[in-house]
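work33.tsv follows (TSV, C-alpha atoms):
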chain	number	residue	atom	x	y	z
A	1273	MET	CA	-36.89	44.26	8.66
A	1274	SER	CA	-37.04	40.75	9.94
A	1275	PRO	CA	-36.05	40.20	13.58
A	1276	ILE	CA	-33.05	38.09	12.64
A	1277	LEU	CA	-31.66	40.79	10.40
A	1278	THR	CA	-32.19	43.37	13.14
A	1279	VAL	CA	-30.25	41.33	15.67
A	1280	LEU	CA	-27.48	40.66	13.18
A	1281	ILE	CA	-26.97	44.31	12.39
A	1282	PHE	CA	-27.33	45.89	15.80
A	1283	ALA	CA	-25.62	43.20	17.88
A	1284	GLY	CA	-23.49	41.24	15.47
A	1285	VAL	CA	-21.58	44.12	13.93
A	1286	PRO	CA	-20.44	45.67	17.25
A	1287	ILE	CA	-19.44	42.22	18.52
A	1288	ALA	CA	-17.49	41.54	15.34
A	1289	ILE	CA	-15.68	44.86	15.70
A	1290	MET	CA	-14.85	44.12	19.34
A	1291	LEU	CA	-13.49	40.69	18.42
A	1292	ALA	CA	-11.35	42.19	15.69
A	1293	ILE	CA	-9.87	44.75	18.07
A	1294	ALA	CA	-9.25	42.10	20.72
A	1295	ALA	CA	-7.47	39.95	18.15
A	1296	LEU	CA	-5.24	42.84	17.16
A	1297	VAL	CA	-4.41	43.64	20.77
A	1298	TYR	CA	-3.70	40.15	22.06
A	1299	GLY	CA	-2.96	38.14	18.96
A	1300	ALA	CA	0.42	39.63	18.20
A	1301	SER	CA	1.82	38.76	21.61
A	1302	ALA	CA	0.26	35.32	21.90
A	1303	HIS	CA	3.28	33.58	20.38
A	1304	ARG	CA	6.04	35.45	22.15
A	1305	SER	CA	8.40	33.79	24.58
A	1306	PRO	CA	6.96	33.60	28.09
A	1307	ARG	CA	7.55	36.69	30.13
A	1308	TYR	CA	10.27	36.47	32.74
A	1309	ARG	CA	8.98	37.05	36.26
A	1310	PRO	CA	11.67	37.06	38.95
A	1311	GLY	CA	10.95	34.56	41.72
A	1312	ARG	CA	8.89	32.28	39.49
A	1313	PRO	CA	10.57	29.29	37.88
A	1314	PHE	CA	11.86	30.18	34.43
A	1315	PRO	CA	13.01	27.01	32.73
A	1316	VAL	CA	14.91	27.78	29.57
A	1317	ARG	CA	17.54	25.96	27.58
A	1318	PRO	CA	20.92	27.54	28.21
A	1319	VAL	CA	22.11	29.81	25.41
A	1320	TRP	CA	25.50	31.35	24.94
A	1321	PHE	CA	26.00	34.27	22.60
A	1322	LEU	CA	29.03	35.68	20.88
A	1323	ALA	CA	29.06	38.42	18.31
A	1324	ALA	CA	28.58	36.99	14.82
A	1325	ARG	CA	32.11	37.51	13.56
A	1326	HIS	CA	33.58	35.36	16.33
A	1327	ALA	CA	31.31	32.48	15.52
A	1328	GLU	CA	33.31	31.83	12.36
A	1329	ALA	CA	36.47	31.37	14.39
A	1330	LEU	CA	34.79	28.57	16.29
A	1331	ASP	CA	34.18	25.19	14.78
A	1332	ARG	CA	30.37	25.41	14.82
A	1333	THR	CA	27.83	24.57	12.16
A	1334	GLY	CA	26.40	27.37	10.04
A	1335	GLY	CA	28.42	30.16	11.66
A	1336	ASN	CA	25.71	30.38	14.26
A	1337	ALA	CA	26.51	32.87	16.97
A	1338	VAL	CA	25.02	30.61	19.62
A	1339	LEU	CA	27.61	28.30	21.03
A	1340	ALA	CA	26.66	24.78	22.01
A	1341	ALA	CA	25.47	25.89	25.41
A	1342	GLY	CA	24.35	22.35	26.14
A	1343	ASP	CA	28.05	21.63	26.58
A	1344	ALA	CA	28.12	24.22	29.31
A	1345	HIS	CA	26.98	21.64	31.82
A	1346	ALA	CA	29.81	19.34	30.82
A	1347	ALA	CA	32.24	22.22	31.20
A	1348	ILE	CA	30.93	23.11	34.63
A	1349	GLU	CA	31.11	19.51	35.80
A	1350	ALA	CA	34.52	18.89	34.26
A	1351	ARG	CA	36.17	21.89	35.85
A	1352	HIS	CA	37.02	20.00	38.99
A	1353	THR	CA	38.74	17.17	37.15
A	1354	GLU	CA	40.64	19.38	34.70
A	1355	ALA	CA	42.22	21.43	37.46
A	1356	ASP	CA	44.21	18.38	38.60
A	1357	ARG	CA	46.38	18.18	35.49
A	1358	PRO	CA	49.57	20.19	36.01
A	1359	GLY	CA	51.42	21.84	33.15
A	1360	ASP	CA	48.37	21.90	30.93
A	1361	ALA	CA	48.00	25.40	29.48
A	1362	PRO	CA	44.21	25.67	29.77
A	1363	ALA	CA	44.33	24.31	33.29
A	1364	ALA	CA	47.10	26.73	34.19
A	1365	PHE	CA	45.02	29.59	32.87
A	1366	ALA	CA	41.97	28.29	34.67
A	1367	ALA	CA	43.90	28.34	37.92
A	1368	GLN	CA	44.62	32.06	37.60
A	1369	SER	CA	42.35	34.33	39.54
A	1370	LYS	CA	39.63	35.97	37.54
A	1371	GLY	CA	38.17	39.38	37.97
A	1372	GLY	CA	34.64	40.61	37.60
A	1373	ALA	CA	31.61	41.02	39.79
A	1374	ARG	CA	28.37	39.38	40.74
A	1375	GLY	CA	24.88	40.56	41.50
A	1376	ASN	CA	21.64	39.21	42.88
A	1377	TRP	CA	18.10	40.34	42.49
B	1293	MET	CA	24.24	38.42	11.05
B	1294	ALA	CA	23.73	35.15	12.74
B	1295	THR	CA	20.40	36.20	14.20
B	1296	GLY	CA	18.98	35.09	10.87
B	1297	ASP	CA	19.87	31.57	11.89
B	1298	LEU	CA	18.31	31.99	15.28
B	1299	THR	CA	14.98	33.46	14.21
B	1300	ALA	CA	13.46	30.21	13.04
B	1301	GLN	CA	14.10	28.35	16.23
B	1302	ASP	CA	14.17	30.77	19.07
B	1303	THR	CA	10.45	31.19	19.70
B	1304	ALA	CA	9.80	27.51	19.16
B	1305	VAL	CA	9.27	25.32	22.14
B	1306	SER	CA	11.28	22.15	22.34
B	1307	PRO	CA	9.42	18.87	22.76
B	1308	ASN	CA	9.62	18.79	26.52
B	1309	GLY	CA	7.93	22.18	26.75
B	1310	VAL	CA	11.00	24.19	27.69
B	1311	PRO	CA	11.35	27.36	25.59
B	1312	ASP	CA	14.30	27.29	23.27
B	1313	GLY	CA	15.62	30.60	24.45
B	1314	PRO	CA	14.73	33.53	26.62
B	1315	PHE	CA	14.71	36.14	23.85
B	1316	THR	CA	12.39	36.99	20.97
B	1317	PRO	CA	13.85	37.64	17.49
B	1318	ARG	CA	13.71	41.39	18.02
B	1319	GLN	CA	15.54	41.07	21.32
B	1320	LEU	CA	18.12	38.82	19.71
B	1321	PHE	CA	18.74	41.49	17.12
B	1322	ARG	CA	19.36	44.03	19.87
B	1323	LEU	CA	21.67	41.62	21.66
B	1324	ASP	CA	23.67	40.90	18.53
B	1325	GLU	CA	24.03	44.61	17.83
B	1326	ALA	CA	25.14	45.29	21.40
B	1327	LEU	CA	27.67	42.44	21.30
B	1328	SER	CA	29.12	43.54	17.98
B	1329	ALA	CA	29.35	47.16	19.09
B	1330	ALA	CA	30.98	46.18	22.37
B	1331	ASP	CA	33.55	44.03	20.58
B	1332	ARG	CA	34.28	46.73	18.05
B	1333	GLU	CA	34.64	49.58	20.53
B	1334	SER	CA	36.74	47.79	23.10
B	1335	GLY	CA	38.73	45.21	21.17
B	1336	LEU	CA	37.76	42.62	23.77
B	1337	THR	CA	35.50	39.66	23.08
B	1338	PHE	CA	32.20	39.87	24.93
B	1339	SER	CA	29.90	36.92	25.38
B	1340	VAL	CA	26.58	36.44	27.13
B	1341	TYR	CA	25.41	33.22	28.74
B	1342	VAL	CA	21.82	32.81	29.93
B	1343	GLY	CA	21.05	29.58	31.68
B	1344	PRO	CA	21.56	27.61	34.85
B	1345	LEU	CA	24.85	28.01	36.67
B	1346	GLY	CA	24.24	25.59	39.51
B	1347	THR	CA	24.48	26.40	43.18
B	1348	ASP	CA	28.12	27.52	42.89
B	1349	SER	CA	27.70	30.20	40.28
B	1350	ARG	CA	31.17	31.78	40.44
B	1351	PRO	CA	33.24	28.67	39.64
B	1352	ALA	CA	30.70	27.70	37.00
B	1353	ALA	CA	30.97	31.07	35.29
B	1354	GLU	CA	34.77	30.96	35.40
B	1355	ALA	CA	34.70	27.49	33.85
B	1356	LEU	CA	32.60	28.88	31.01
B	1357	LEU	CA	35.04	31.70	30.37
B	1358	ASP	CA	37.88	29.20	30.12
B	1359	ARG	CA	36.09	27.48	27.27
B	1360	LEU	CA	36.18	30.54	25.03
B	1361	PRO	CA	38.79	30.63	22.27
B	1362	ASP	CA	40.62	33.66	23.69
B	1363	PRO	CA	39.80	33.79	27.39
B	1364	ALA	CA	42.49	36.31	28.32
B	1365	ARG	CA	40.81	38.94	26.17
B	1366	SER	CA	37.23	37.88	26.82
B	1367	VAL	CA	34.49	39.09	29.11
B	1368	LEU	CA	31.62	36.82	30.07
B	1369	LEU	CA	28.24	38.02	31.35
B	1370	ALA	CA	26.53	34.97	32.81
B	1371	VAL	CA	22.89	35.29	33.87
B	1372	ASP	CA	20.95	32.64	35.76
B	1373	PRO	CA	17.29	33.78	35.73
B	1374	ASP	CA	16.14	30.94	37.96
B	1375	GLN	CA	18.71	31.46	40.71
B	1376	ARG	CA	18.63	35.20	40.08
B	1377	VAL	CA	22.37	35.70	39.95
B	1378	VAL	CA	24.53	37.46	37.39
B	1379	GLU	CA	28.27	36.88	37.16
B	1380	ILE	CA	30.66	39.07	35.20
B	1381	VAL	CA	33.97	37.29	34.62
B	1382	THR	CA	37.15	38.89	33.31
B	1383	ALA	CA	40.65	37.47	33.05
B	1384	ALA	CA	44.18	38.73	32.43
B	1385	GLU	CA	43.91	41.37	29.71
B	1386	SER	CA	40.21	42.06	30.10
B	1387	ALA	CA	40.57	42.31	33.89
B	1388	ARG	CA	43.31	44.88	33.41
B	1389	ARG	CA	41.10	47.01	31.19
B	1390	LEU	CA	37.93	46.50	33.25
B	1391	PRO	CA	38.67	46.79	36.95
B	1392	ASP	CA	36.38	45.07	39.40
B	1393	ARG	CA	34.69	48.27	40.50
B	1394	ILE	CA	33.57	48.92	36.93
B	1395	CYS	CA	32.23	45.40	36.73
B	1396	ALA	CA	30.41	45.91	40.02
B	1397	LEU	CA	28.72	49.02	38.64
B	1398	ALA	CA	27.64	47.15	35.54
B	1399	ALA	CA	26.37	44.25	37.66
B	1400	LEU	CA	24.36	46.70	39.74
B	1401	SER	CA	22.67	48.17	36.67
B	1402	MET	CA	21.98	44.73	35.33
B	1403	THR	CA	20.39	43.49	38.54
B	1404	ALA	CA	18.23	46.61	38.68
B	1405	ALA	CA	16.83	45.78	35.24
B	1406	PHE	CA	16.54	42.05	35.90
B	1407	GLY	CA	14.62	42.71	39.08
B	1408	GLY	CA	12.03	44.41	36.94
B	1409	GLY	CA	11.79	41.37	34.68
B	1410	ASP	CA	13.72	42.94	31.81
B	1411	LEU	CA	16.30	40.34	30.78
B	1412	ILE	CA	17.26	41.88	27.46
B	1413	GLY	CA	17.41	45.44	28.79
B	1414	GLY	CA	19.68	44.48	31.65
B	1415	THR	CA	22.00	42.48	29.40
B	1416	VAL	CA	22.31	45.24	26.81
B	1417	THR	CA	22.87	47.84	29.52
B	1418	GLY	CA	25.66	45.78	31.06
B	1419	LEU	CA	27.31	45.30	27.67
B	1420	ARG	CA	27.15	49.00	26.87
B	1421	MET	CA	28.53	50.07	30.24
B	1422	LEU	CA	31.47	47.68	30.05
B	1423	ALA	CA	32.20	48.50	26.41
B	1424	ASP	CA	32.15	52.18	27.19
B	1425	GLN	CA	34.65	51.78	30.03
B	1426	ALA	CA	36.93	49.56	27.99
B	1427	ARG	CA	36.78	51.85	24.98
B	1428	LEU	CA	40.00	52.01	23.00
B	1429	ALA	CA	41.30	55.53	23.41
Would you mind writing the file out in structure tokens?
Amino acid sequence: MSPILTVLIFAGVPIAIMLAIAALVYGASAHRSPRYRPGRPFPVRPVWFLAARHAEALDRTGGNAVLAAGDAHAAIEARHTEADRPGDAPAAFAAQSKGGARGNW
Amino acid sequence: MATGDLTAQDTAVSPNGVPDGPFTPRQLFRLDEALSAADRESGLTFSVYVGPLGTDSRPAAEALLDRLPDPARSVLLAVDPDQRVVEIVTAAESARRLPDRICALAALSMTAAFGGGDLIGGTVTGLRMLADQARLA
């Protein structure tokens, strides 16, 4: 056999097989969302989920279960101004104490 | 299920390079299932918020709960992966059915999972624990 053919068969085929296996191993995860590592910055657009059936009760486009979480910032900022209006039902509810818990990691 | 709407966009990256969401389509499916099951079993409305809460996470989370359509019967699990804080907020009816010690247990399980980098696992665990405790007899 010619030298070129020899190299192709004995070196090229194993390399091609290795590349195929590497592609199978790493290719599937290449397009996933970045992995969350605590302590490292994890910038992500805020998302707010409700179960699908509740999404229809809200006035959102397409019955999407993700609320407009971009409004969350407006809600967080506006809380201090809304609490000043007396007699307003949402504000009165907001003034009630809430339960729950918190955690850190 | 609405996850069909989310699949197309959730692994995309918005123009400024920030990922559109923290979960892959498969994880979103799990989350939707957990939310639906929690709602069905308990009769309360569960919601999950993942995103920044600012330096004062508790008032921010309470403000979010107030924006829901039925806050008295709602439970909010708010996760801030950057600040590494999770807030569980209940009000009126939901606080009566889920006392604070139950919420503290759920928060503990969630932080254990989040500390290991598992956002979806921690969220689903928290939902299941709370739904189980608030189960309609």
Report the distance between atom CA of Arg1322 of chain B and atom CA of Cys1395 of chain B in Å, rounded to one decimal place.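 These atoms are spaced 21.3 Å apart.
Within 6 Å of chain B, and using all atoms listed in the file, the residues found on chain A are Ser1305, Tyr1308, Arg1309, Pro1313, Phe1314, Val1316, Arg1317, Pro1318, Val1319, Trp1320, Phe1321, Leu1322, Ala1323, Ala1324, Asn1336, Ala1337, Ile1348, Lys1370, Gly1371, Gly1372, Ala1373, Arg1374, Gly1375, Asn1376 and Trp1377 of chain A.
Computed from the coordinates, the atom CA of Gln1425 of chain B to atom CA of Leu1336 of chain B distance equals 11.5 Å.
Between Leu1419 of chain B and the candidates B:Thr1347, B:Asp1362, B:Arg1389, B:Glu1333, the tightest atom-to-atom separation, counting all atoms listed in the file, involves B:Glu1333.
Atom CA of Gly1418 of chain B is positioned 16.1 Å from atom CA of Phe1321 of chain B.
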Please rebuild segment 1353-1366 of chain B with N, CA, C and O atoms and give the result as a short mmCIF file (atom, residue, chain, number, x, y, z; two decimals), in the frame of the given file.
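This went into result.cif:
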data_model
loop_
_atom_site.label_atom_id
_atom_site.label_comp_id
_atom_site.auth_asym_id
_atom_site.auth_seq_id
_atom_site.Cartn_x
_atom_site.Cartn_y
_atom_site.Cartn_z
N ALA B 1353 30.77 30.01 36.28
CA ALA B 1353 30.97 31.07 35.29
C ALA B 1353 32.42 31.13 34.85
O ALA B 1353 32.73 31.34 33.68
N GLU B 1354 33.36 30.95 35.78
CA GLU B 1354 34.77 30.96 35.40
C GLU B 1354 35.10 29.80 34.48
O GLU B 1354 35.90 29.92 33.55
N ALA B 1355 34.47 28.64 34.73
CA ALA B 1355 34.70 27.49 33.85
C ALA B 1355 34.21 27.79 32.45
O ALA B 1355 34.83 27.38 31.46
N LEU B 1356 33.11 28.52 32.34
CA LEU B 1356 32.60 28.88 31.01
C LEU B 1356 33.56 29.80 30.29
O LEU B 1356 33.82 29.65 29.10
N LEU B 1357 34.12 30.78 31.01
CA LEU B 1357 35.04 31.70 30.37
C LEU B 1357 36.26 30.95 29.82
O LEU B 1357 36.76 31.26 28.74
N ASP B 1358 36.72 29.95 30.56
CA ASP B 1358 37.88 29.20 30.12
C ASP B 1358 37.64 28.47 28.81
O ASP B 1358 38.58 28.12 28.11
N ARG B 1359 36.38 28.22 28.49
CA ARG B 1359 36.09 27.48 27.27
C ARG B 1359 36.12 28.36 26.03
O ARG B 1359 36.07 27.86 24.92
N LEU B 1360 36.18 29.67 26.20
CA LEU B 1360 36.18 30.54 25.03
C LEU B 1360 37.51 30.44 24.30
O LEU B 1360 38.52 30.09 24.89
N PRO B 1361 37.54 30.78 23.02
CA PRO B 1361 38.79 30.63 22.27
C PRO B 1361 39.92 31.56 22.73
O PRO B 1361 41.08 31.21 22.62
N ASP B 1362 39.58 32.73 23.25
CA ASP B 1362 40.62 33.66 23.69
C ASP B 1362 40.25 34.20 25.06
O ASP B 1362 39.87 35.36 25.20
N PRO B 1363 40.35 33.37 26.09
CA PRO B 1363 39.80 33.79 27.39
C PRO B 1363 40.50 34.99 28.01
O PRO B 1363 39.87 35.75 28.75
N ALA B 1364 41.79 35.20 27.69
CA ALA B 1364 42.49 36.31 28.32
C ALA B 1364 41.92 37.65 27.89
O ALA B 1364 41.96 38.62 28.63
N ARG B 1365 41.35 37.69 26.69
CA ARG B 1365 40.81 38.94 26.17
C ARG B 1365 39.29 38.90 26.08
O ARG B 1365 38.71 39.63 25.29
N SER B 1366 38.68 38.04 26.90
CA SER B 1366 37.23 37.88 26.82
C SER B 1366 36.56 38.34 28.10
O SER B 1366 37.16 38.31 29.18
#
